[in-house]
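What follows is the content of structure.pdb, which has PDB, C-alpha atoms:
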```pdb
MODEL        1
ATOM      1  CA  MET A   1      -0.632  16.084   9.252
ATOM      2  CA  THR A   2       0.511  17.357   5.861
ATOM      3  CA  THR A   3       0.559  15.150   2.784
ATOM      4  CA  PRO A   4       4.096  14.230   1.654
ATOM      5  CA  TRP A   5       5.072  15.042  -1.902
ATOM      6  CA  VAL A   6       5.851  11.405  -2.724
ATOM      7  CA  ARG A   7       4.880   7.884  -1.734
ATOM      8  CA  VAL A   8       7.693   5.367  -2.196
ATOM      9  CA  VAL A   9       6.461   1.844  -2.955
ATOM     10  CA  VAL A  10       8.805  -1.080  -2.267
ATOM     11  CA  VAL A  11       7.518  -4.499  -3.368
ATOM     12  CA  ASN A  12       9.246  -7.215  -1.368
ATOM     13  CA  TYR A  13       9.305 -10.933  -2.017
ATOM     14  CA  ASN A  14      11.947 -12.797  -0.035
ATOM     15  CA  GLY A  15      14.205  -9.752  -0.169
ATOM     16  CA  GLY A  16      16.393 -11.070   2.621
ATOM     17  CA  ALA A  17      19.272  -8.824   3.656
ATOM     18  CA  HIS A  18      18.647  -6.424   0.747
ATOM     19  CA  LEU A  19      15.429  -4.958   2.163
ATOM     20  CA  PRO A  20      16.859  -3.450   5.396
ATOM     21  CA  ARG A  21      19.615  -1.734   3.398
ATOM     22  CA  VAL A  22      17.083  -0.186   1.033
ATOM     23  CA  LEU A  23      14.873   1.054   3.867
ATOM     24  CA  ASP A  24      17.897   2.446   5.678
ATOM     25  CA  GLY A  25      18.828   4.248   2.460
ATOM     26  CA  LEU A  26      15.385   5.836   2.460
ATOM     27  CA  ARG A  27      15.682   6.802   6.130
ATOM     28  CA  ARG A  28      18.912   8.660   5.278
ATOM     29  CA  GLN A  29      17.390  10.744   2.453
ATOM     30  CA  SER A  30      18.231  14.451   2.564
ATOM     31  CA  ASP A  31      14.624  15.142   1.503
ATOM     32  CA  GLY A  32      12.573  13.599   4.304
ATOM     33  CA  ASP A  33       9.127  14.631   3.020
ATOM     34  CA  PHE A  34       7.960  11.176   1.953
ATOM     35  CA  GLU A  35       6.017   8.106   3.007
ATOM     36  CA  VAL A  36       7.002   4.508   2.326
ATOM     37  CA  VAL A  37       4.714   1.540   1.729
ATOM     38  CA  VAL A  38       6.441  -1.845   1.751
ATOM     39  CA  VAL A  39       4.171  -4.333  -0.008
ATOM     40  CA  ASP A  40       5.151  -7.813   1.091
ATOM     41  CA  ASN A  41       4.137 -10.455  -1.450
ATOM     42  CA  GLY A  42       3.893 -13.361   0.986
ATOM     43  CA  SER A  43       7.607 -13.623   1.792
ATOM     44  CA  THR A  44       8.689 -16.835   3.496
ATOM     45  CA  ASP A  45      12.300 -15.884   4.269
ATOM     46  CA  GLY A  46      11.571 -13.777   7.356
ATOM     47  CA  SER A  47      12.777 -10.640   5.588
ATOM     48  CA  LEU A  48      10.195  -8.546   7.476
ATOM     49  CA  ASP A  49      10.904 -10.073  10.873
ATOM     50  CA  GLY A  50      14.399  -8.690  11.264
ATOM     51  CA  LEU A  51      13.642  -5.121  10.238
ATOM     52  CA  PRO A  52      14.717  -2.407  12.693
ATOM     53  CA  ALA A  53      12.144   0.008  14.034
ATOM     54  CA  PHE A  54      11.497   2.832  11.573
ATOM     55  CA  ASP A  55       9.536   6.031  12.100
ATOM     56  CA  GLY A  56       5.893   6.674  11.213
ATOM     57  CA  ARG A  57       6.658   7.391   7.557
ATOM     58  CA  PHE A  58       7.202   3.661   6.981
ATOM     59  CA  HIS A  59       4.287   1.242   6.589
ATOM     60  CA  ILE A  60       4.088  -2.474   5.811
ATOM     61  CA  LEU A  61       1.223  -3.874   3.736
ATOM     62  CA  ARG A  62       1.041  -7.654   3.710
ATOM     63  CA  ALA A  63      -0.479  -8.917   0.467
ATOM     64  CA  GLY A  64      -0.618 -12.486   1.783
ATOM     65  CA  ARG A  65       0.561 -14.030  -1.483
ATOM     66  CA  ASN A  66       2.868 -13.328  -4.378
ATOM     67  CA  LEU A  67       0.946 -10.848  -6.525
ATOM     68  CA  GLY A  68       3.962 -10.098  -8.707
ATOM     69  CA  PHE A  69       5.757  -6.793  -9.077
ATOM     70  CA  ALA A  70       3.131  -5.074 -11.246
ATOM     71  CA  ALA A  71       0.138  -5.814  -9.009
ATOM     72  CA  GLY A  72       2.241  -5.203  -5.905
ATOM     73  CA  CYS A  73       3.120  -1.707  -7.120
ATOM     74  CA  ASN A  74      -0.511  -0.965  -7.931
ATOM     75  CA  LEU A  75      -1.556  -2.156  -4.483
ATOM     76  CA  GLY A  76       1.072   0.014  -2.831
ATOM     77  CA  ALA A  77      -0.094   3.036  -4.835
ATOM     78  CA  GLN A  78      -3.761   2.607  -3.897
ATOM     79  CA  GLY A  79      -5.149   5.403  -1.746
ATOM     80  CA  ALA A  80      -2.092   7.623  -2.135
ATOM     81  CA  LYS A  81      -2.690  11.339  -1.682
ATOM     82  CA  ALA A  82       0.858  12.310  -2.575
ATOM     83  CA  PRO A  83       1.051  13.824  -6.080
ATOM     84  CA  TRP A  84       4.003  11.589  -6.993
ATOM     85  CA  LEU A  85       4.707   7.860  -6.744
ATOM     86  CA  ALA A  86       8.205   6.412  -6.569
ATOM     87  CA  MET A  87       8.882   2.730  -7.222
ATOM     88  CA  LEU A  88      11.986   1.266  -5.630
ATOM     89  CA  ASN A  89      13.187  -2.328  -5.803
ATOM     90  CA  PRO A  90      14.141  -4.067  -2.558
ATOM     91  CA  ASP A  91      17.636  -4.520  -4.032
ATOM     92  CA  ALA A  92      18.129  -0.879  -5.126
ATOM     93  CA  VAL A  93      19.797   1.177  -2.389
ATOM     94  CA  PRO A  94      19.229   4.909  -2.958
ATOM     95  CA  GLN A  95      21.997   7.440  -2.472
ATOM     96  CA  PRO A  96      21.210  10.163   0.128
ATOM     97  CA  HIS A  97      20.083  12.781  -2.420
ATOM     98  CA  TRP A  98      18.047  10.387  -4.606
ATOM     99  CA  LEU A  99      14.629  11.850  -3.786
ATOM    100  CA  ALA A 100      15.926  15.428  -3.654
ATOM    101  CA  LYS A 101      17.324  15.140  -7.191
ATOM    102  CA  LEU A 102      14.092  13.627  -8.499
ATOM    103  CA  ARG A 103      12.151  16.458  -6.863
ATOM    104  CA  GLU A 104      14.376  19.033  -8.581
ATOM    105  CA  ALA A 105      13.691  17.342 -11.909
ATOM    106  CA  ILE A 106       9.934  17.793 -11.463
ATOM    107  CA  PHE A 107      10.399  21.562 -11.619
ATOM    108  CA  ASN A 108      13.027  21.424 -14.357
ATOM    109  CA  TYR A 109      10.861  19.281 -16.679
ATOM    110  CA  PRO A 110       7.192  20.195 -16.151
ATOM    111  CA  ALA A 111       6.047  18.230 -19.241
ATOM    112  CA  ALA A 112       7.414  14.963 -17.854
ATOM    113  CA  ALA A 113       5.185  12.482 -16.062
ATOM    114  CA  ALA A 114       7.909   9.931 -15.333
ATOM    115  CA  PHE A 115      11.553  10.059 -14.309
ATOM    116  CA  GLY A 116      14.241   7.399 -14.215
ATOM    117  CA  SER A 117      17.312   7.058 -12.010
ATOM    118  CA  THR A 118      20.930   6.273 -12.766
ATOM    119  CA  GLN A 119      21.368   2.659 -11.675
ATOM    120  CA  LEU A 120      24.874   1.598 -10.665
ATOM    121  CA  LEU A 121      25.982  -2.003 -10.383
ATOM    122  CA  ALA A 122      26.064  -2.882  -6.691
ATOM    123  CA  GLU A 123      29.183  -5.008  -7.120
ATOM    124  CA  ASN A 124      31.055  -2.217  -8.922
ATOM    125  CA  GLU A 125      29.552   1.262  -8.786
ATOM    126  CA  ALA A 126      31.942   2.515 -11.460
ATOM    127  CA  LEU A 127      29.729   0.613 -13.912
ATOM    128  CA  LEU A 128      26.133   1.135 -14.945
ATOM    129  CA  ASP A 129      23.275  -1.226 -14.274
ATOM    130  CA  GLY A 130      21.225   0.995 -16.548
ATOM    131  CA  ALA A 131      20.351   4.559 -17.561
ATOM    132  CA  GLY A 132      16.813   4.297 -18.880
ATOM    133  CA  ASP A 133      14.978   1.682 -20.909
ATOM    134  CA  ASN A 134      15.058   1.551 -24.709
ATOM    135  CA  TYR A 135      12.692  -0.199 -27.108
ATOM    136  CA  SER A 136      13.453  -1.418 -30.629
ATOM    137  CA  ILE A 137      11.458  -2.189 -33.759
ATOM    138  CA  PHE A 138      12.460  -5.805 -33.063
ATOM    139  CA  GLY A 139      10.132  -5.769 -30.052
ATOM    140  CA  ILE A 140      13.115  -6.079 -27.706
ATOM    141  CA  ALA A 141      13.693  -3.742 -24.742
ATOM    142  CA  TRP A 142      16.891  -3.242 -22.758
ATOM    143  CA  ARG A 143      18.405  -1.076 -20.036
ATOM    144  CA  GLY A 144      20.684   1.398 -21.739
ATOM    145  CA  GLY A 145      24.349   1.275 -20.868
ATOM    146  CA  TYR A 146      24.304  -1.932 -18.862
ATOM    147  CA  GLY A 147      27.898  -2.758 -17.858
ATOM    148  CA  ALA A 148      29.329   0.464 -19.346
ATOM    149  CA  SER A 149      31.248   3.141 -17.462
ATOM    150  CA  ALA A 150      29.116   5.300 -15.184
ATOM    151  CA  HIS A 151      30.986   8.316 -16.591
ATOM    152  CA  LEU A 152      28.804   7.989 -19.706
ATOM    153  CA  VAL A 153      25.973   9.538 -17.694
ATOM    154  CA  ASP A 154      26.858  13.227 -17.586
ATOM    155  CA  GLY A 155      23.453  14.899 -17.864
ATOM    156  CA  ASP A 156      19.698  14.431 -17.968
ATOM    157  CA  ILE A 157      18.228  12.967 -21.150
ATOM    158  CA  ALA A 158      14.823  12.084 -22.563
ATOM    159  CA  VAL A 159      14.394   8.299 -22.684
ATOM    160  CA  PHE A 160      11.786   5.847 -23.904
ATOM    161  CA  SER A 161      10.874   4.602 -20.428
ATOM    162  CA  PRO A 162      12.236   4.639 -16.883
ATOM    163  CA  CYS A 163      13.289   1.375 -15.276
ATOM    164  CA  ALA A 164      10.878   0.835 -12.372
ATOM    165  CA  ALA A 165      13.668  -0.478 -10.141
ATOM    166  CA  ALA A 166      14.000   3.205  -9.196
ATOM    167  CA  ALA A 167      11.472   5.445 -10.942
ATOM    168  CA  LEU A 168       9.145   8.351 -10.234
ATOM    169  CA  TYR A 169       5.653   8.764 -11.714
ATOM    170  CA  ARG A 170       3.156  11.597 -11.516
ATOM    171  CA  ARG A 171       0.245   9.981  -9.737
ATOM    172  CA  ASP A 172      -2.574  11.444 -11.850
ATOM    173  CA  ALA A 173      -0.873  10.312 -15.086
ATOM    174  CA  PHE A 174      -0.117   6.883 -13.581
ATOM    175  CA  GLU A 175      -3.765   6.442 -12.630
ATOM    176  CA  ALA A 176      -5.084   7.821 -15.933
ATOM    177  CA  VAL A 177      -3.303   5.133 -17.972
ATOM    178  CA  GLY A 178      -4.259   2.374 -15.515
ATOM    179  CA  GLY A 179      -0.982   1.898 -13.637
ATOM    180  CA  PHE A 180       1.058  -1.230 -14.259
ATOM    181  CA  ALA A 181      -0.478  -4.006 -16.369
ATOM    182  CA  GLU A 182      -0.928  -6.751 -13.786
ATOM    183  CA  SER A 183      -1.030  -9.561 -16.361
ATOM    184  CA  PHE A 184       2.720  -9.012 -16.869
ATOM    185  CA  PHE A 185       3.364 -10.181 -13.277
ATOM    186  CA  CYS A 186       6.967  -8.957 -13.555
ATOM    187  CA  TYR A 187       9.471  -7.925 -16.249
ATOM    188  CA  LEU A 188       8.741  -5.340 -18.964
ATOM    189  CA  GLU A 189       5.741  -3.990 -17.065
ATOM    190  CA  ASP A 190       7.724  -0.763 -16.631
ATOM    191  CA  VAL A 191       8.446  -0.463 -20.372
ATOM    192  CA  ASP A 192       4.750  -1.073 -21.060
ATOM    193  CA  LEU A 193       3.791   1.683 -18.614
ATOM    194  CA  GLY A 194       6.389   4.068 -20.027
ATOM    195  CA  PHE A 195       5.139   3.356 -23.549
ATOM    196  CA  ARG A 196       1.535   4.088 -22.538
ATOM    197  CA  LEU A 197       2.536   7.328 -20.830
ATOM    198  CA  ARG A 198       4.363   8.409 -23.984
ATOM    199  CA  LEU A 199       1.413   7.431 -26.179
ATOM    200  CA  ALA A 200      -0.772   9.623 -23.943
ATOM    201  CA  GLY A 201       1.475  12.607 -24.670
ATOM    202  CA  HIS A 202       3.792  12.683 -21.649
ATOM    203  CA  ASP A 203       7.572  13.078 -21.604
ATOM    204  CA  VAL A 204       9.961  10.741 -19.771
ATOM    205  CA  VAL A 205      13.289  12.007 -18.403
ATOM    206  CA  GLN A 206      16.315  10.149 -17.060
ATOM    207  CA  VAL A 207      17.830  12.081 -14.114
ATOM    208  CA  ALA A 208      21.615  11.744 -14.000
ATOM    209  CA  ALA A 209      22.102  12.837 -10.387
ATOM    210  CA  ALA A 210      19.354  10.588  -8.938
ATOM    211  CA  ARG A 211      21.399   7.480  -8.215
ATOM    212  CA  VAL A 212      20.830   4.045  -6.741
ATOM    213  CA  SER A 213      23.017   0.983  -6.282
ATOM    214  CA  HIS A 214      21.192  -1.943  -7.855
ATOM    215  CA  VAL A 215      21.885  -5.649  -7.459
ATOM    216  CA  GLY A 216      19.544  -6.560 -10.331
ATOM    217  CA  SER A 217      17.449  -9.750 -10.456
ATOM    218  CA  ALA A 218      18.707 -10.536  -6.958
ATOM    219  CA  ILE A 219      15.614 -12.619  -6.225
ATOM    220  CA  ALA A 220      14.560 -14.143  -9.562
ATOM    221  CA  GLY A 221      18.042 -14.551 -11.081
ATOM    222  CA  ARG A 222      19.190 -12.739 -14.225
ATOM    223  CA  TYR A 223      19.055 -15.788 -16.529
ATOM    224  CA  SER A 224      16.756 -18.100 -14.594
ATOM    225  CA  VAL A 225      13.963 -19.998 -16.318
ATOM    226  CA  PHE A 226      11.497 -17.695 -14.519
ATOM    227  CA  THR A 227      13.186 -14.564 -15.858
ATOM    228  CA  VAL A 228      13.636 -15.846 -19.414
ATOM    229  CA  TYR A 229      10.038 -17.075 -19.627
ATOM    230  CA  HIS A 230       8.424 -13.871 -18.345
ATOM    231  CA  ALA A 231      10.653 -11.617 -20.453
ATOM    232  CA  ALA A 232       9.764 -13.582 -23.613
ATOM    233  CA  ARG A 233       6.025 -13.772 -22.888
ATOM    234  CA  ASN A 234       5.778 -10.144 -21.839
ATOM    235  CA  GLY A 235       7.671  -9.059 -24.929
ATOM    236  CA  VAL A 236       4.700 -10.279 -26.968
ATOM    237  CA  TYR A 237       2.267  -8.603 -24.557
ATOM    238  CA  LEU A 238       4.076  -5.270 -24.851
ATOM    239  CA  MET A 239       4.367  -5.338 -28.628
ATOM    240  CA  VAL A 240       0.729  -6.235 -29.291
ATOM    241  CA  ARG A 241      -0.706  -3.809 -26.744
ATOM    242  CA  CYS A 242       1.299  -0.701 -27.507
ATOM    243  CA  LEU A 243       2.614  -0.541 -31.081
ATOM    244  CA  PRO A 244       0.409   1.259 -33.635
ATOM    245  CA  LEU A 245      -0.744  -1.139 -36.349
ATOM    246  CA  PRO A 246       1.696  -0.159 -39.169
ATOM    247  CA  LEU A 247       4.639  -0.542 -36.776
ATOM    248  CA  LEU A 248       3.223  -3.746 -35.307
ATOM    249  CA  LEU A 249       3.071  -5.328 -38.763
ATOM    250  CA  VAL A 250       6.779  -4.556 -39.194
ATOM    251  CA  ALA A 251       7.747  -5.591 -35.669
ATOM    252  CA  VAL A 252       6.065  -9.016 -35.451
ATOM    253  CA  PRO A 253       8.229 -10.880 -38.013
ATOM    254  CA  LEU A 254      11.344  -9.065 -36.767
ATOM    255  CA  HIS A 255      10.498 -10.037 -33.199
ATOM    256  CA  LEU A 256      10.076 -13.692 -34.066
ATOM    257  CA  LEU A 257      13.418 -13.672 -35.910
ATOM    258  CA  ALA A 258      15.039 -12.004 -32.904
ATOM    259  CA  GLN A 259      13.637 -14.659 -30.584
ATOM    260  CA  VAL A 260      15.012 -17.437 -32.792
ATOM    261  CA  TYR A 261      18.402 -15.724 -32.753
ATOM    262  CA  LEU A 262      18.326 -15.418 -28.952
ATOM    263  CA  MET A 263      17.453 -19.096 -28.623
ATOM    264  CA  TRP A 264      20.425 -19.958 -30.816
ATOM    265  CA  ARG A 265      22.680 -17.724 -28.716
ATOM    266  CA  MET A 266      21.515 -19.217 -25.417
ATOM    267  CA  ARG A 267      21.771 -22.847 -26.566
ATOM    268  CA  ALA A 268      21.038 -24.220 -23.066
ATOM    269  CA  LEU A 269      17.966 -26.442 -23.508
ATOM    270  CA  VAL A 270      16.198 -25.222 -20.378
ATOM    271  CA  SER A 271      16.568 -21.560 -21.365
ATOM    272  CA  VAL A 272      15.553 -22.224 -24.981
ATOM    273  CA  THR A 273      12.476 -24.102 -23.799
ATOM    274  CA  ALA A 274      11.551 -21.305 -21.404
ATOM    275  CA  ARG A 275      11.886 -18.671 -24.133
ATOM    276  CA  ALA A 276       9.886 -20.711 -26.649
ATOM    277  CA  LYS A 277       7.130 -21.330 -24.093
ATOM    278  CA  GLY A 278       7.064 -17.640 -23.222
ATOM    279  CA  VAL A 279       6.593 -16.608 -26.859
ATOM    280  CA  TRP A 280       3.943 -19.296 -27.383
ATOM    281  CA  ASP A 281       1.996 -18.285 -24.268
ATOM    282  CA  GLY A 282       2.177 -14.676 -25.371
ATOM    283  CA  LEU A 283       0.709 -15.555 -28.758
ATOM    284  CA  CYS A 284      -1.992 -17.675 -27.111
ATOM    285  CA  ALA A 285      -3.115 -14.580 -25.191
ATOM    286  CA  LEU A 286      -3.882 -12.668 -28.421
ATOM    287  CA  PRO A 287      -7.676 -12.452 -27.908
ATOM    288  CA  ARG A 288      -7.205 -10.752 -24.538
ATOM    289  CA  LEU A 289      -4.308  -8.648 -25.789
ATOM    290  CA  LEU A 290      -6.345  -7.339 -28.710
ATOM    291  CA  ASP A 291      -9.043  -6.165 -26.291
ATOM    292  CA  GLU A 292      -6.405  -4.419 -24.181
ATOM    293  CA  ARG A 293      -4.840  -3.009 -27.330
ATOM    294  CA  ARG A 294      -8.062  -1.234 -28.255
ATOM    295  CA  ASP A 295      -8.079   0.567 -24.911
ATOM    296  CA  VAL A 296      -4.406   1.530 -25.166
ATOM    297  CA  GLN A 297      -4.663   2.788 -28.743
ATOM    298  CA  ARG A 298      -7.853   4.695 -27.967
ATOM    299  CA  GLY A 299      -5.837   6.856 -25.571
ATOM    300  CA  ARG A 300      -3.011   7.497 -28.045
ATOM    301  CA  ARG A 301      -2.211  11.163 -28.616
ATOM    302  CA  ALA A 302       1.172  10.699 -30.299
ATOM    303  CA  SER A 303       1.389  10.507 -34.085
ATOM    304  CA  LEU A 304       2.691   7.459 -35.929
ATOM    305  CA  ARG A 305       5.779   9.449 -36.900
ATOM    306  CA  GLN A 306       6.448  10.314 -33.255
ATOM    307  CA  VAL A 307       6.111   6.699 -32.132
ATOM    308  CA  ALA A 308       8.433   5.528 -34.912
ATOM    309  CA  SER A 309      11.015   8.099 -33.812
ATOM    310  CA  TRP A 310      11.042   6.659 -30.268
ATOM    311  CA  LEU A 311      12.020   3.193 -31.477
ATOM    312  CA  VAL A 312      15.556   2.005 -32.021
ATOM    313  CA  TRP A 313      15.986   0.790 -35.610
ATOM    314  CA  ARG A 314      19.707  -0.094 -35.625
ATOM    315  CA  PRO A 315      20.450  -3.650 -34.419
ATOM    316  CA  LYS A 316      23.950  -2.672 -33.257
ATOM    317  CA  ARG A 317      22.536  -0.308 -30.668
ATOM    318  CA  LEU A 318      20.507  -3.171 -29.258
ATOM    319  CA  SER A 319      23.369  -5.684 -29.288
ATOM    320  CA  ARG A 320      25.672  -3.179 -27.556
ATOM    321  CA  ARG A 321      22.998  -2.151 -25.035
ATOM    322  CA  GLN A 322      23.617   1.483 -25.810
ATOM    323  CA  ILE A 323      21.998   4.426 -24.071
ATOM    324  CA  VAL A 324      19.697   5.931 -26.697
ATOM    325  CA  PRO A 325      18.429   9.447 -25.885
ATOM    326  CA  LEU A 326      15.238  10.618 -27.545
ATOM    327  CA  SER A 327      14.921  13.952 -29.268
ATOM    328  CA  SER A 328      11.919  14.920 -27.124
TER     329      SER A 328
ENDMDL
END
```
Take the structure in the file and write it out as structure tokens.
Amino acid sequence: MTTPWVRVVVVNYNGGAHLPRVLDGLRRQSDGDFEVVVVDNGSTDGSLDGLPAFDGRFHILRAGRNLGFAAGCNLGAQGAKAPWLAMLNPDAVPQPHWLAKLREAIFNYPAAAAFGSTQLLAENEALLDGAGDNYSIFGIAWRGGYGASAHLVDGDIAVFSPCAAAALYRRDAFEAVGGFAESFFCYLEDVDLGFRLRLAGHDVVQVAAARVSHVGSAIAGRYSVFTVYHAARNGVYLMVRCLPLPLLLVAVPLHLLAQVYLMWRMRALVSVTARAKGVWDGLCALPRLLDERRDVQRGRRASLRQVASWLVWRPKRLSRRQIVPLSS
């Protein structure tokens, strides 16, 4: 039996009716040279029970409990022989040529170790759910182009990081930087991984023709307490771990000001409390984060000037959720 070129990892937690649609989308891929590992994080909704019979390329790995997205992806990647790893959310239905277009990109961009997909809003595919992740000097990340016209995506671009809802990673590079940081549990773990890959000297490319239809936060909820808390806490994790010291010293006060502004914008007491607790818990983890930071920075190959050029410095680009291509 030959080794497929890619292992697709789908981390499921109470994915309900979304999961069968995603797996059927994979079954219909024009490039059938793949294997799929569905990591089930202790689902209680019966989402695995109603799955139709799939062929031998599809495997289910029951984690037994909710490990989170980051650890679930790492578990699904363990033991892979395929040279590439694709991460696909259980609410991101791939179009038939999704894998074929990503495979083409591998040959078109040999310096890239990670590729992102064009994510369309499931409720209206004329609009974008995102076209790559951006990161600002304010320590805030966002999916570029969220809610904008899908016509904005008319070609491949270099981006800061791929969104792991539908991303491709070169397995040796993924393993060399340690995979996803499991302490993140979920949210921003993909930006952290993309940042570490860039620090190690790899390129990241957003592939226009590789498309998925994404519900987005279908399980956790886009503005739930869970989502707000983890995004705020992990924002501190990401900033402390990955930013070179001169940039970190600039980013920390800007980040705290940005968090205060976001709390003022949200106003709802529950959401404000969740964001404040997330920031506080992130700061309380500083001793551990500083240890992790040493390992991350030890592997940095990019210059300070390069890292600064990857960051978004204009607040308007952040507030408008713009797609921000990188020069390299």
Self-check item: Non-local contacts of A:Arg321 (9 Å; all atoms listed in the file; under 4 positions in same chain excluded) as a list of chain:residue names
Solution: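 Here the qualifying residues turn out to be A:Asn134, A:Trp142, A:Arg143, A:Gly144, A:Gly145, A:Tyr146, A:Gly147, A:Ala148, A:Lys316, A:Arg317.
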Quiz item: Residues picked by the PyMOL selection byres ((chain A and resi 63) around 9) here, as a list in words?
Solution: Val39, Asp40, Asn41, Gly42, Leu61, Arg62, Gly64, Arg65, Asn66, Leu67, Gly72 and Leu75 of chain A
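Across the structure, atom CA of A:Asn234 and atom CA of A:Val279 are spaced 8.2 Å apart.
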Practice problem: Please write the residues picked by the PyMOL selection byres ((chain A and resi 211-216) around 10) on this file as a ChimeraX atom specification. | Solution: /A:18,22,25,88-99,101-102,116-125,128-131,165-166,207-210,217-222
Selection to disk with C-alpha atoms, as a PDB file, in the frame of the given file:
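In the end it all went to part26.pdb:
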```pdb
ATOM      1  CA  HIS A  18      18.647  -6.424   0.747  1.00  0.00           C
ATOM      2  CA  VAL A  22      17.083  -0.186   1.033  1.00  0.00           C
ATOM      3  CA  GLY A  25      18.828   4.248   2.460  1.00  0.00           C
ATOM      4  CA  LEU A  88      11.986   1.266  -5.630  1.00  0.00           C
ATOM      5  CA  ASN A  89      13.187  -2.328  -5.803  1.00  0.00           C
ATOM      6  CA  PRO A  90      14.141  -4.067  -2.558  1.00  0.00           C
ATOM      7  CA  ASP A  91      17.636  -4.520  -4.032  1.00  0.00           C
ATOM      8  CA  ALA A  92      18.129  -0.879  -5.126  1.00  0.00           C
ATOM      9  CA  VAL A  93      19.797   1.177  -2.389  1.00  0.00           C
ATOM     10  CA  PRO A  94      19.229   4.909  -2.958  1.00  0.00           C
ATOM     11  CA  GLN A  95      21.997   7.440  -2.472  1.00  0.00           C
ATOM     12  CA  PRO A  96      21.210  10.163   0.128  1.00  0.00           C
ATOM     13  CA  HIS A  97      20.083  12.781  -2.420  1.00  0.00           C
ATOM     14  CA  TRP A  98      18.047  10.387  -4.606  1.00  0.00           C
ATOM     15  CA  LEU A  99      14.629  11.850  -3.786  1.00  0.00           C
ATOM     16  CA  LYS A 101      17.324  15.140  -7.191  1.00  0.00           C
ATOM     17  CA  LEU A 102      14.092  13.627  -8.499  1.00  0.00           C
ATOM     18  CA  GLY A 116      14.241   7.399 -14.215  1.00  0.00           C
ATOM     19  CA  SER A 117      17.312   7.058 -12.010  1.00  0.00           C
ATOM     20  CA  THR A 118      20.930   6.273 -12.766  1.00  0.00           C
ATOM     21  CA  GLN A 119      21.368   2.659 -11.675  1.00  0.00           C
ATOM     22  CA  LEU A 120      24.874   1.598 -10.665  1.00  0.00           C
ATOM     23  CA  LEU A 121      25.982  -2.003 -10.383  1.00  0.00           C
ATOM     24  CA  ALA A 122      26.064  -2.882  -6.691  1.00  0.00           C
ATOM     25  CA  GLU A 123      29.183  -5.008  -7.120  1.00  0.00           C
ATOM     26  CA  ASN A 124      31.055  -2.217  -8.922  1.00  0.00           C
ATOM     27  CA  GLU A 125      29.552   1.262  -8.786  1.00  0.00           C
ATOM     28  CA  LEU A 128      26.133   1.135 -14.945  1.00  0.00           C
ATOM     29  CA  ASP A 129      23.275  -1.226 -14.274  1.00  0.00           C
ATOM     30  CA  GLY A 130      21.225   0.995 -16.548  1.00  0.00           C
ATOM     31  CA  ALA A 131      20.351   4.559 -17.561  1.00  0.00           C
ATOM     32  CA  ALA A 165      13.668  -0.478 -10.141  1.00  0.00           C
ATOM     33  CA  ALA A 166      14.000   3.205  -9.196  1.00  0.00           C
ATOM     34  CA  VAL A 207      17.830  12.081 -14.114  1.00  0.00           C
ATOM     35  CA  ALA A 208      21.615  11.744 -14.000  1.00  0.00           C
ATOM     36  CA  ALA A 209      22.102  12.837 -10.387  1.00  0.00           C
ATOM     37  CA  ALA A 210      19.354  10.588  -8.938  1.00  0.00           C
ATOM     38  CA  SER A 217      17.449  -9.750 -10.456  1.00  0.00           C
ATOM     39  CA  ALA A 218      18.707 -10.536  -6.958  1.00  0.00           C
ATOM     40  CA  ILE A 219      15.614 -12.619  -6.225  1.00  0.00           C
ATOM     41  CA  ALA A 220      14.560 -14.143  -9.562  1.00  0.00           C
ATOM     42  CA  GLY A 221      18.042 -14.551 -11.081  1.00  0.00           C
ATOM     43  CA  ARG A 222      19.190 -12.739 -14.225  1.00  0.00           C
TER      44      ARG A 222
END
```
Practice problem: Return as a ChimeraX atom specification the set of residues that the PyMOL selection byres ((chain A and resi 282) around 9) yields on the displayed structure. | Solution: /A:232-237,277-281,283-286,289
Exercise. Using all atoms listed in the file, determine which residues lie at most 10 Å from A:Arg170, disregarding the query and same-chain residues fewer than 5 positions distant; provide the list as a list in words.
Key: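 Residues meeting the cut-off are Val6, Ala82, Pro83, Trp84, Leu85, Ala86, Ile106, Ala112, Ala113, Ala114, Phe115 and Glu175 of chain A.
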Practice problem: Just the residues within 9 Å of A:Tyr109, please, counting all atoms listed in the file, with nothing from its chain fewer than 5 positions along; format it as a list in words. | Solution: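 Listing them by chain and then by number gives Glu104, Asp203 and Val205 of chain A.
Among the candidate residues A:Ser183, A:Ser43, A:Thr273, A:Ser136, the one lying nearest to A:Ser319 is A:Ser136, with distances computed using all atoms listed in the file.
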Quiz item: Pick from A:Gly201, A:Pro325, A:Pro4, A:Gly139: nearest to A:Arg241, with only C-alpha atoms counted?
Solution: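 Looking only at the distances to A:Arg241, the closest residue turns out to be A:Gly139.
Taking atom CA of A:Met87 and atom CA of A:Leu199 as the two end points, the separation is 20.9 Å.
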